[in-house]
file input_29.txt (compact mmCIF, C-alpha atoms)
# COMPACT_ATOMS: atom_id res chain seq x y z
CA MET L 1 0.00 0.00 0.00
CA PHE L 2 1.14 3.52 -0.62
CA ALA L 3 1.96 5.78 2.31
CA ALA L 4 -0.41 8.46 1.02
CA GLU L 5 -3.33 6.06 1.32
CA ASN L 6 -2.22 4.88 4.71
CA GLY L 7 -2.11 7.80 7.08
CA LEU L 8 0.28 10.12 5.26
CA LYS L 9 -2.09 11.73 2.76
CA GLY L 10 -0.95 15.25 2.00
CA ASP L 11 2.25 14.82 3.99
CA PRO L 12 4.64 17.35 2.41
CA ARG L 13 7.56 15.05 3.09
CA LEU L 14 6.30 12.62 0.44
CA GLU L 15 6.33 15.36 -2.17
CA ALA L 16 9.87 16.35 -1.21
CA ILE L 17 10.99 12.73 -1.47
CA SER L 18 9.36 12.30 -4.86
CA ALA L 19 10.84 15.53 -6.19
CA ALA L 20 14.33 14.47 -5.11
CA ILE L 21 14.28 11.29 -7.20
CA ARG L 22 15.78 11.69 -10.66
CA VAL L 23 14.50 9.87 -13.74
CA VAL L 24 17.10 8.55 -16.17
CA PRO L 25 15.69 7.36 -19.50
CA ASN L 26 16.88 4.20 -21.20
CA PHE L 27 18.98 2.78 -18.34
CA PRO L 28 20.29 0.12 -18.28
CA LYS L 29 19.16 -0.24 -21.84
CA LYS L 30 16.40 0.77 -24.21
CA SER L 31 13.43 -1.49 -23.83
CA PHE L 32 9.91 -1.32 -25.01
CA MET L 33 8.63 -3.97 -22.66
CA PHE L 34 7.54 -1.62 -19.90
CA SER L 35 6.20 1.37 -21.75
CA ARG L 36 6.20 3.00 -25.14
CA THR L 37 8.91 5.34 -24.01
CA GLY L 38 11.38 2.72 -22.79
CA ILE L 39 12.69 2.17 -19.28
CA MET L 40 12.54 5.28 -17.07
CA PHE L 41 15.06 4.44 -14.37
CA GLN L 42 14.25 5.79 -10.92
CA ASP L 43 17.57 7.14 -9.62
CA ILE L 44 17.61 7.48 -5.84
CA THR L 45 21.18 8.82 -5.70
CA THR L 46 19.75 12.33 -6.00
CA LEU L 47 17.57 11.62 -2.96
CA LEU L 48 20.75 10.77 -1.02
CA LEU L 49 22.21 14.16 -2.00
CA ASP L 50 19.21 15.95 -0.51
CA HIS L 51 19.85 15.65 3.21
CA LYS L 52 16.37 16.83 4.25
CA ALA L 53 14.53 14.52 1.87
CA PHE L 54 16.77 11.57 2.76
CA LYS L 55 16.12 12.21 6.45
CA HIS L 56 12.35 12.39 5.79
CA THR L 57 12.55 9.01 4.05
CA ILE L 58 14.24 7.36 7.01
CA ASP L 59 12.01 9.16 9.56
CA ILE L 60 8.83 7.90 7.90
CA PHE L 61 10.01 4.28 8.01
CA VAL L 62 11.32 4.66 11.58
CA ASP L 63 8.04 6.17 12.80
CA ARG L 64 6.18 3.28 11.24
CA TYR L 65 8.33 0.45 12.61
CA LYS L 66 9.69 1.65 15.93
CA ASP L 67 6.84 0.28 18.03
CA MET L 68 6.33 -2.94 16.11
CA GLN L 69 8.96 -5.03 17.95
CA ILE L 70 11.02 -5.46 14.81
CA SER L 71 14.33 -7.16 15.61
CA VAL L 72 15.70 -7.46 12.05
CA VAL L 73 15.95 -5.03 9.15
CA ALA L 74 17.07 -6.90 6.04
CA GLY L 75 18.34 -4.86 3.08
CA VAL L 76 18.67 -6.04 -0.49
CA GLU L 77 22.03 -5.37 -2.17
CA ALA L 78 23.03 -2.74 -3.00
CA ARG L 79 20.51 0.10 -2.75
CA GLY L 80 18.72 -1.54 0.16
CA PHE L 81 22.02 -1.04 2.03
CA MET L 82 21.64 2.71 1.65
CA PHE L 83 18.34 2.81 3.55
CA GLY L 84 18.24 -0.24 5.82
CA PRO L 85 21.05 0.41 8.32
CA SER L 86 19.79 3.87 9.32
CA ILE L 87 16.36 2.41 10.02
CA ALA L 88 17.85 -0.52 11.94
CA LEU L 89 19.97 1.78 14.11
CA ALA L 90 17.02 4.03 14.93
CA ILE L 91 14.68 1.19 15.93
CA GLY L 92 17.31 -0.92 17.72
CA ALA L 93 17.22 -3.80 15.24
CA LYS L 94 19.97 -5.89 13.64
CA PHE L 95 20.85 -5.13 10.03
CA VAL L 96 21.10 -8.16 7.74
CA PRO L 97 22.47 -7.72 4.21
CA LEU L 98 20.91 -9.88 1.49
CA ARG L 99 23.52 -10.25 -1.21
CA LYS L 100 24.32 -11.44 -4.71
CA PRO L 101 25.97 -14.87 -4.87
CA GLY L 102 29.55 -15.27 -3.68
CA LYS L 103 29.77 -12.06 -1.65
CA LEU L 104 28.98 -13.26 1.87
CA PRO L 105 31.99 -15.06 3.38
CA GLY L 106 30.28 -17.43 5.81
CA LYS L 107 27.84 -20.27 5.37
CA VAL L 108 24.81 -19.07 3.38
CA ILE L 109 21.36 -20.06 2.28
CA SER L 110 20.18 -18.89 -1.11
CA GLU L 111 17.00 -18.41 -3.09
CA SER L 112 16.66 -17.89 -6.82
CA TYR L 113 14.40 -15.37 -8.50
CA GLU L 114 13.52 -14.46 -12.05
CA LEU L 115 14.84 -11.58 -14.08
CA GLU L 116 13.46 -10.27 -17.37
CA TYR L 117 15.80 -12.77 -19.02
CA GLY L 118 17.11 -15.57 -16.82
CA HIS L 119 17.53 -15.87 -13.03
CA ASP L 120 19.64 -14.54 -10.24
CA ARG L 121 20.13 -15.62 -6.59
CA LEU L 122 19.89 -13.84 -3.29
CA GLU L 123 21.97 -15.06 -0.32
CA MET L 124 21.90 -14.63 3.46
CA HIS L 125 24.18 -15.89 6.23
CA VAL L 126 22.66 -18.88 7.99
CA ASP L 127 23.15 -17.43 11.47
CA ALA L 128 21.78 -13.97 10.70
CA VAL L 129 18.16 -14.43 11.80
CA GLU L 130 16.63 -16.71 14.42
CA PRO L 131 13.24 -18.39 14.44
CA LEU L 132 10.34 -16.14 15.49
CA GLU L 133 12.28 -12.92 14.88
CA ARG L 134 10.17 -10.12 13.39
CA VAL L 135 11.65 -8.83 10.15
CA ILE L 136 11.15 -5.97 7.72
CA ILE L 137 12.77 -6.17 4.30
CA ILE L 138 13.95 -2.96 2.61
CA ASP L 139 14.78 -2.11 -0.99
CA ASP L 140 14.79 1.17 -2.89
CA LEU L 141 12.18 0.07 -5.43
CA VAL L 142 9.66 -2.72 -6.04
CA ALA L 143 8.74 -3.62 -9.63
CA THR L 144 7.62 -7.20 -10.15
CA GLY L 145 8.37 -8.16 -6.54
CA GLY L 146 10.60 -11.05 -7.57
CA THR L 147 13.58 -10.01 -5.44
CA LEU L 148 11.43 -9.29 -2.40
CA SER L 149 9.68 -12.64 -2.78
CA ALA L 150 13.04 -14.38 -2.71
CA ALA L 151 13.96 -12.39 0.40
CA ILE L 152 10.71 -13.43 2.09
CA SER L 153 11.50 -17.08 1.30
CA LEU L 154 14.95 -16.75 2.86
CA MET L 155 13.47 -15.36 6.08
CA GLU L 156 10.73 -17.95 6.28
CA SER L 157 13.21 -20.78 5.72
CA GLN L 158 14.82 -19.68 8.99
CA GLY L 159 11.51 -19.56 10.85
CA ALA L 160 11.47 -15.76 11.00
CA GLU L 161 8.30 -13.74 10.45
CA VAL L 162 8.28 -11.07 7.75
CA VAL L 163 6.13 -8.28 9.17
CA GLU L 164 6.32 -6.05 6.09
CA CYS L 165 8.31 -5.26 2.95
CA ALA L 166 9.14 -1.57 2.59
CA CYS L 167 10.30 0.36 -0.46
CA VAL L 168 10.81 4.00 -1.29
CA ILE L 169 9.31 3.63 -4.80
CA GLY L 170 6.65 1.29 -6.14
CA LEU L 171 6.14 0.80 -9.87
CA PRO L 172 2.62 0.78 -11.34
CA GLU L 173 2.52 -3.03 -11.32
CA VAL L 174 2.18 -2.98 -7.53
CA LYS L 175 -0.41 -0.23 -7.26
CA GLY L 176 -3.49 -1.65 -5.60
CA GLN L 177 -1.50 -4.58 -4.27
CA HIS L 178 -1.38 -4.59 -0.54
CA LYS L 179 0.45 -7.86 -0.23
CA LEU L 180 3.45 -9.56 -1.72
CA LYS L 181 3.56 -13.33 -1.28
CA GLY L 182 0.99 -12.83 1.48
CA LYS L 183 3.09 -10.19 3.23
CA PRO L 184 2.16 -6.50 3.52
CA LEU L 185 3.96 -4.10 1.22
CA TYR L 186 4.52 -0.46 2.17
CA VAL L 187 5.68 2.05 -0.42
CA LEU L 188 6.36 5.77 -0.05
CA VAL L 189 5.98 7.15 -3.57
CA GLU L 190 5.08 6.29 -7.14
CA PRO L 191 7.69 6.71 -9.88
CA SER L 192 8.57 10.27 -10.85
CA GLY L 193 8.39 11.65 -14.32
CA LEU L 194 6.17 9.16 -16.05
CA ASP L 195 3.41 11.74 -16.67
CA GLU L 196 5.61 13.85 -18.90
CA PHE L 197 5.99 11.09 -21.43
CA CYS L 198 2.72 9.17 -21.48
CA MET O 199 56.51 1.46 9.04
CA THR O 200 55.89 5.17 8.54
CA THR O 201 57.91 7.10 5.98
CA ILE O 202 59.84 10.27 6.80
CA ASP O 203 57.18 12.44 5.13
CA GLN O 204 54.52 10.89 7.24
CA GLU O 205 56.46 10.86 10.47
CA ASN O 206 54.97 14.06 11.76
CA LYS O 207 51.53 13.07 10.67
CA LYS O 208 51.11 9.49 11.84
CA PRO O 209 51.81 8.80 15.50
CA PRO O 210 52.54 5.21 16.59
CA ARG O 211 49.46 3.22 17.47
CA SER O 212 48.65 0.23 19.63
CA GLU O 213 46.67 -2.62 18.19
CA LEU O 214 43.25 -1.46 19.17
CA ALA O 215 43.87 2.27 19.30
CA VAL O 216 41.87 5.01 17.73
CA ALA O 217 44.09 6.77 15.20
CA ALA O 218 44.54 10.51 15.44
CA SER O 219 43.78 12.61 12.43
CA LEU O 220 46.06 15.41 11.43
CA ASP O 221 43.55 17.73 9.90
CA SER O 222 43.88 20.66 12.26
CA GLU O 223 40.17 21.18 12.46
CA ILE O 224 39.57 17.64 13.71
CA MET O 225 40.50 17.00 17.34
CA ALA O 226 43.20 14.43 17.91
CA THR O 227 42.43 11.61 20.31
CA LYS O 228 44.93 10.93 23.07
CA GLU O 229 46.77 7.74 22.20
CA ASP O 230 46.87 6.36 25.69
CA VAL O 231 43.15 6.77 26.23
CA GLN O 232 41.40 4.01 24.33
CA ASP O 233 37.78 4.57 23.54
CA PRO O 234 36.06 1.98 25.78
CA ARG O 235 33.68 1.09 22.97
CA ILE O 236 36.47 -0.27 20.74
CA PRO O 237 37.05 -3.73 22.32
CA LYS O 238 33.41 -4.69 21.87
CA ILE O 239 33.45 -3.48 18.27
CA ALA O 240 36.63 -5.46 17.60
CA SER O 241 35.26 -8.65 19.13
CA SER O 242 32.03 -8.42 17.14
CA ILE O 243 33.93 -8.82 13.85
CA ARG O 244 34.15 -12.41 12.65
CA VAL O 245 37.23 -13.73 10.83
CA ILE O 246 36.56 -16.27 8.09
CA PRO O 247 39.60 -18.22 6.87
CA ASP O 248 40.25 -18.91 3.20
CA PHE O 249 37.71 -16.45 1.78
CA PRO O 250 37.55 -15.47 -1.03
CA LYS O 251 40.53 -17.72 -1.67
CA PRO O 252 42.93 -19.93 0.34
CA GLY O 253 45.27 -18.06 2.67
CA ILE O 254 43.09 -14.99 3.09
CA MET O 255 41.59 -14.31 6.54
CA PHE O 256 38.43 -12.38 5.70
CA GLN O 257 37.22 -9.73 8.15
CA ASP O 258 33.45 -10.20 8.24
CA ILE O 259 31.59 -7.12 9.47
CA THR O 260 28.15 -8.71 9.07
CA THR O 261 28.43 -9.95 12.65
CA LEU O 262 29.09 -6.38 13.78
CA LEU O 263 25.83 -5.39 12.09
CA LEU O 264 24.02 -8.06 14.10
CA ASP O 265 25.29 -6.57 17.38
CA THR O 266 23.06 -3.53 17.82
CA GLU O 267 25.24 -1.94 20.48
CA ALA O 268 28.50 -2.46 18.57
CA PHE O 269 27.00 -1.12 15.32
CA LYS O 270 25.57 1.92 17.10
CA ASP O 271 28.92 2.56 18.82
CA THR O 272 30.75 2.30 15.48
CA ILE O 273 28.54 4.93 13.90
CA ASP O 274 28.61 7.12 17.02
CA ILE O 275 32.43 7.21 17.04
CA PHE O 276 32.53 8.38 13.42
CA VAL O 277 29.72 10.89 13.95
CA GLU O 278 31.38 12.37 17.04
CA ARG O 279 34.57 12.78 15.04
CA TYR O 280 33.08 14.45 11.97
CA LYS O 281 30.06 16.41 13.22
CA GLY O 282 30.46 20.17 13.08
CA LYS O 283 33.68 20.01 11.06
CA GLY O 284 32.32 21.38 7.78
CA ILE O 285 32.05 17.98 6.11
CA SER O 286 29.37 18.25 3.42
CA VAL O 287 30.02 14.94 1.65
CA VAL O 288 30.23 11.38 2.92
CA ALA O 289 31.39 9.18 0.05
CA GLY O 290 30.93 5.44 0.52
CA VAL O 291 32.65 2.73 -1.50
CA GLU O 292 30.49 -0.10 -2.86
CA ALA O 293 29.09 -2.11 -1.26
CA ARG O 294 30.00 -2.25 2.43
CA GLY O 295 30.71 1.48 2.46
CA PHE O 296 26.98 1.87 1.71
CA ILE O 297 26.19 0.30 5.09
CA PHE O 298 28.28 2.68 7.22
CA GLY O 299 28.21 5.87 5.13
CA PRO O 300 24.52 6.88 5.06
CA PRO O 301 23.91 6.77 8.84
CA ILE O 302 26.99 8.97 9.31
CA ALA O 303 25.87 11.35 6.56
CA LEU O 304 22.41 11.70 8.06
CA ALA O 305 23.76 12.38 11.54
CA ILE O 306 26.24 15.05 10.44
CA GLY O 307 23.97 16.75 7.89
CA ALA O 308 26.00 15.75 4.84
CA LYS O 309 25.15 14.30 1.43
CA PHE O 310 25.79 10.63 0.84
CA VAL O 311 27.56 9.86 -2.43
CA PRO O 312 27.88 6.23 -3.51
CA MET O 313 31.11 5.33 -5.34
CA ARG O 314 30.29 2.34 -7.48
CA LYS O 315 31.62 -0.41 -9.70
CA PRO O 316 31.27 0.29 -13.43
CA LYS O 317 27.87 0.49 -15.09
CA LYS O 318 25.82 0.59 -11.90
CA LEU O 319 25.14 4.33 -11.78
CA PRO O 320 22.46 5.36 -14.29
CA GLY O 321 23.48 8.95 -15.02
CA LYS O 322 26.58 10.55 -16.47
CA VAL O 323 29.64 9.41 -14.53
CA ILE O 324 33.31 10.08 -14.07
CA SER O 325 35.53 7.12 -13.39
CA GLU O 326 38.97 6.30 -12.03
CA GLU O 327 40.93 3.16 -12.72
CA TYR O 328 42.98 1.33 -10.12
CA SER O 329 45.21 -1.73 -10.02
CA LEU O 330 44.27 -5.14 -8.73
CA GLU O 331 46.59 -8.02 -8.04
CA TYR O 332 45.89 -9.08 -11.62
CA GLY O 333 44.47 -6.44 -13.92
CA THR O 334 42.52 -3.30 -13.14
CA ASP O 335 39.10 -2.19 -11.95
CA LYS O 336 37.24 1.11 -12.01
CA ILE O 337 35.32 3.16 -9.50
CA GLU O 338 32.61 5.60 -10.65
CA MET O 339 30.72 8.60 -9.33
CA HIS O 340 27.86 10.66 -10.79
CA VAL O 341 28.79 13.93 -12.43
CA GLY O 342 27.31 16.72 -10.33
CA ALA O 343 27.11 14.71 -7.11
CA VAL O 344 29.76 16.92 -5.53
CA GLU O 345 30.88 20.50 -6.13
CA PRO O 346 34.34 22.06 -6.12
CA GLY O 347 35.32 23.28 -2.68
CA GLU O 348 33.29 20.73 -0.75
CA ARG O 349 34.93 18.78 2.10
CA ALA O 350 34.46 15.03 2.10
CA ILE O 351 35.18 11.94 4.09
CA ILE O 352 35.44 8.58 2.35
CA ILE O 353 34.09 5.51 4.13
CA ASP O 354 34.72 1.83 3.61
CA ASP O 355 34.52 -1.12 5.99
CA LEU O 356 38.17 -2.03 5.58
CA ILE O 357 41.45 -0.81 4.09
CA ALA O 358 43.72 -3.54 2.73
CA THR O 359 46.10 -2.54 -0.07
CA GLY O 360 44.51 0.92 -0.28
CA GLY O 361 43.94 0.72 -4.03
CA THR O 362 40.22 1.42 -3.92
CA LEU O 363 40.49 4.27 -1.42
CA ALA O 364 43.34 5.85 -3.36
CA ALA O 365 41.19 5.75 -6.51
CA ALA O 366 38.28 7.30 -4.60
CA ILE O 367 40.55 10.10 -3.38
CA ARG O 368 41.79 10.78 -6.92
CA LEU O 369 38.23 10.81 -8.27
CA LEU O 370 37.02 13.37 -5.73
CA GLU O 371 40.13 15.52 -6.01
CA ARG O 372 39.72 15.66 -9.80
CA VAL O 373 36.46 17.53 -9.29
CA GLY O 374 37.88 19.94 -6.73
CA VAL O 375 36.79 18.28 -3.50
CA THR O 376 39.05 18.20 -0.44
CA ILE O 377 39.18 14.90 1.40
CA ALA O 378 39.41 15.66 5.10
CA GLU O 379 39.95 12.02 5.98
CA CYS O 380 39.42 8.41 4.95
CA ALA O 381 37.61 6.39 7.60
CA CYS O 382 37.45 2.62 7.91
CA VAL O 383 36.34 0.25 10.61
CA ILE O 384 39.32 -2.09 10.04
CA GLU O 385 42.89 -1.71 8.80
CA LEU O 386 45.22 -4.52 7.76
CA PRO O 387 48.50 -2.68 8.39
CA VAL O 388 50.69 -5.42 6.98
CA LEU O 389 49.34 -4.53 3.52
CA LYS O 390 50.52 -0.91 3.92
CA GLY O 391 47.39 0.62 2.42
CA ARG O 392 48.00 3.83 4.35
CA GLU O 393 51.01 4.56 2.15
CA LYS O 394 48.81 4.75 -0.96
CA LEU O 395 46.71 7.54 0.50
CA GLY O 396 49.40 10.22 0.17
CA GLU O 397 48.57 13.31 2.19
CA THR O 398 45.11 12.14 3.13
CA PRO O 399 44.77 11.10 6.78
CA LEU O 400 43.30 7.72 7.70
CA PHE O 401 41.13 7.02 10.74
CA ILE O 402 40.55 3.45 11.90
CA LEU O 403 38.76 1.79 14.77
CA VAL O 404 40.39 -1.65 14.72
CA THR O 405 43.58 -3.11 13.27
CA SER O 406 44.10 -6.74 12.42
CA ASP O 407 47.28 -8.66 11.74
CA ALA O 408 45.29 -11.32 9.90
CA ALA O 409 45.83 -10.74 6.20
call {"tool": "encode", "arguments": {"input": "input_29.txt", "output": "structure tokens"}}
result
Amino acid sequence: MFAAENGLKGDPRLEAISAAIRVVPNFPKKSFMFSRTGIMFQDITTLLLDHKAFKHTIDIFVDRYKDMQISVVAGVEARGFMFGPSIALAIGAKFVPLRKPGKLPGKVISESYELEYGHDRLEMHVDAVEPLERVIIIDDLVATGGTLSAAISLMESQGAEVVECACVIGLPEVKGQHKLKGKPLYVLVEPSGLDEFC
Amino acid sequence: MTTIDQENKKPPRSELAVAASLDSEIMATKEDVQDPRIPKIASSIRVIPDFPKPGIMFQDITTLLLDTEAFKDTIDIFVERYKGKGISVVAGVEARGFIFGPPIALAIGAKFVPMRKPKKLPGKVISEEYSLEYGTDKIEMHVGAVEPGERAIIIDDLIATGGTLAAAIRLLERVGVTIAECACVIELPVLKGREKLGETPLFILVTSDAA
């Protein structure tokens, strides 16, 4: 669900966050699968340059999760790493990185997920989460939900409970979807810049 | 271990000491007073033998991230050091620099700038090449992320040979940014990475002889 429909309607922070996100056309490549105009890449690096807007982003997530007894914030490599740790620190939770294959040095469990063409895998250290821990999973953007679904599977395989998945941006495919693999999905903003081209 | 040029700048350090920075605007820490938070931070780091290849003792900070007190202390030490010192940019090296950099940036009121492997950043980039054991790699930054005259710190989890940090320094200096300091959780002094950083000071929390 989008933050604006869930208690933050009219919150000026959401507008500031949206305005700080840059759209980069045709990255990583031109494609006509998603729209007539090609891929409009949502670049959050400009959000990270805007200290106020970046702080608003973290504050909104922290306010939401701080009283929910969350003991784990899991972040998806690499842009989930830019948001997750700040949230974890503020709510007193562990931060668990979910990484591409071969990066984590210890014993791992892994889950595959589908890409536009082919598959990839997401890995987590086996000792990172314990059964019954309450987890939120963070990424910068949710499109098809494939990566987040793999992350949910990793958590559930360890007996942990995914309380919610949280993303800064949600693509149109997820609008109207409140759940991902049966888990709640919380999104701050819709993609910027699509209106200019459609 | 220190060269003549660096003699005045790099005081001797004990194994778990907090290094003093020589930027005059940043307060030096007394060598004989160890920050009491350091031992817990050091013990929360797991060493994994033979990763990514035989003979390498890998310093795994993921266990530090699981220790809420140690992770908070790590960030607090960096924030205390850099807050109010005119640092407007925290640059973090992919990918573990992305874990430590943003919380520091937020706490000190600075921008966070990710420095990434090639082809990850979507906009126009500038890049800097650096040497690996075999071959080269590149580090990239968005054009326009920083402005001339800004003061930056560069964050990574660990300094080994110093190749990546040296490339990051060169990249920022090319666009007119001053690097006040490089900051890492861990140093492997036996690999002499500090020597690659030239005039730029290096601040560490923990040193390890395992390399």
call {"tool": "closest_atom_pairs", "arguments": {"input": "input_29.txt", "of": "chain L", "to": "chain O", "cutoff": "6 Å", "atoms": "all atoms listed in the file", "output": "Markdown table"}}
result
| residue | atom | partner | partner_atom | distance |
| --- | --- | --- | --- | --- |
| L:Phe27 | CA | O:Pro320 | CA | 5.9 |
| L:Leu48 | CA | O:Phe310 | CA | 5.4 |
| L:Leu49 | CA | O:Lys309 | CA | 4.5 |
| L:His51 | CA | O:Lys309 | CA | 5.8 |
| L:Phe81 | CA | O:Ile297 | CA | 5.3 |
| L:Met82 | CA | O:Phe296 | CA | 5.4 |
| L:Ser86 | CA | O:Pro301 | CA | 5.1 |
| L:Lys94 | CA | O:Leu264 | CA | 4.6 |
| L:Phe95 | CA | O:Leu263 | CA | 5.4 |
call {"tool": "closest_residue", "arguments": {"input": "input_29.txt", "among": "L:Ala74, L:Ile58, L:Ala88, L:Leu104", "to": "His125 (chain L)", "atoms": "only C-alpha atoms"}}
result
L:Leu104
call {"tool": "closest_residue", "arguments": {"input": "input_29.txt", "among": "O:Gly374, O:Gly391, O:Gly333, O:Pro252", "to": "Arg349 (chain O)", "atoms": "all atoms listed in the file"}}
result
O:Gly374
call {"tool": "atom_distance", "arguments": {"input": "input_29.txt", "atom1": "CA of Ala93 (chain L)", "atom2": "CA of Gly159 (chain L)"}}
result
17.3 Å
call {"tool": "atom_distance", "arguments": {"input": "input_29.txt", "atom1": "CA of Leu89 (chain L)", "atom2": "CA of Glu111 (chain L)"}}
result
26.7 Å
call {"tool": "atom_distance", "arguments": {"input": "input_29.txt", "atom1": "CA of Thr45 (chain L)", "atom2": "CA of Ile169 (chain L)"}}
result
13.0 Å
call {"tool": "residues_around", "arguments": {"input": "input_29.txt", "residues": "region 129-139 of chain L", "least_positions_apart": "5", "cutoff": "8 Å", "atoms": "all atoms listed in the file", "output": "ChimeraX atom specification"}}
result
/L:69-76,79-81,83-84,148,151-152,155,158-168
call {"tool": "closest_residue", "arguments": {"input": "input_29.txt", "among": "O:Ile243, O:Val291, O:Val383, O:Glu345", "to": "Ala366 (chain O)", "atoms": "only C-alpha atoms"}}
result
O:Val291
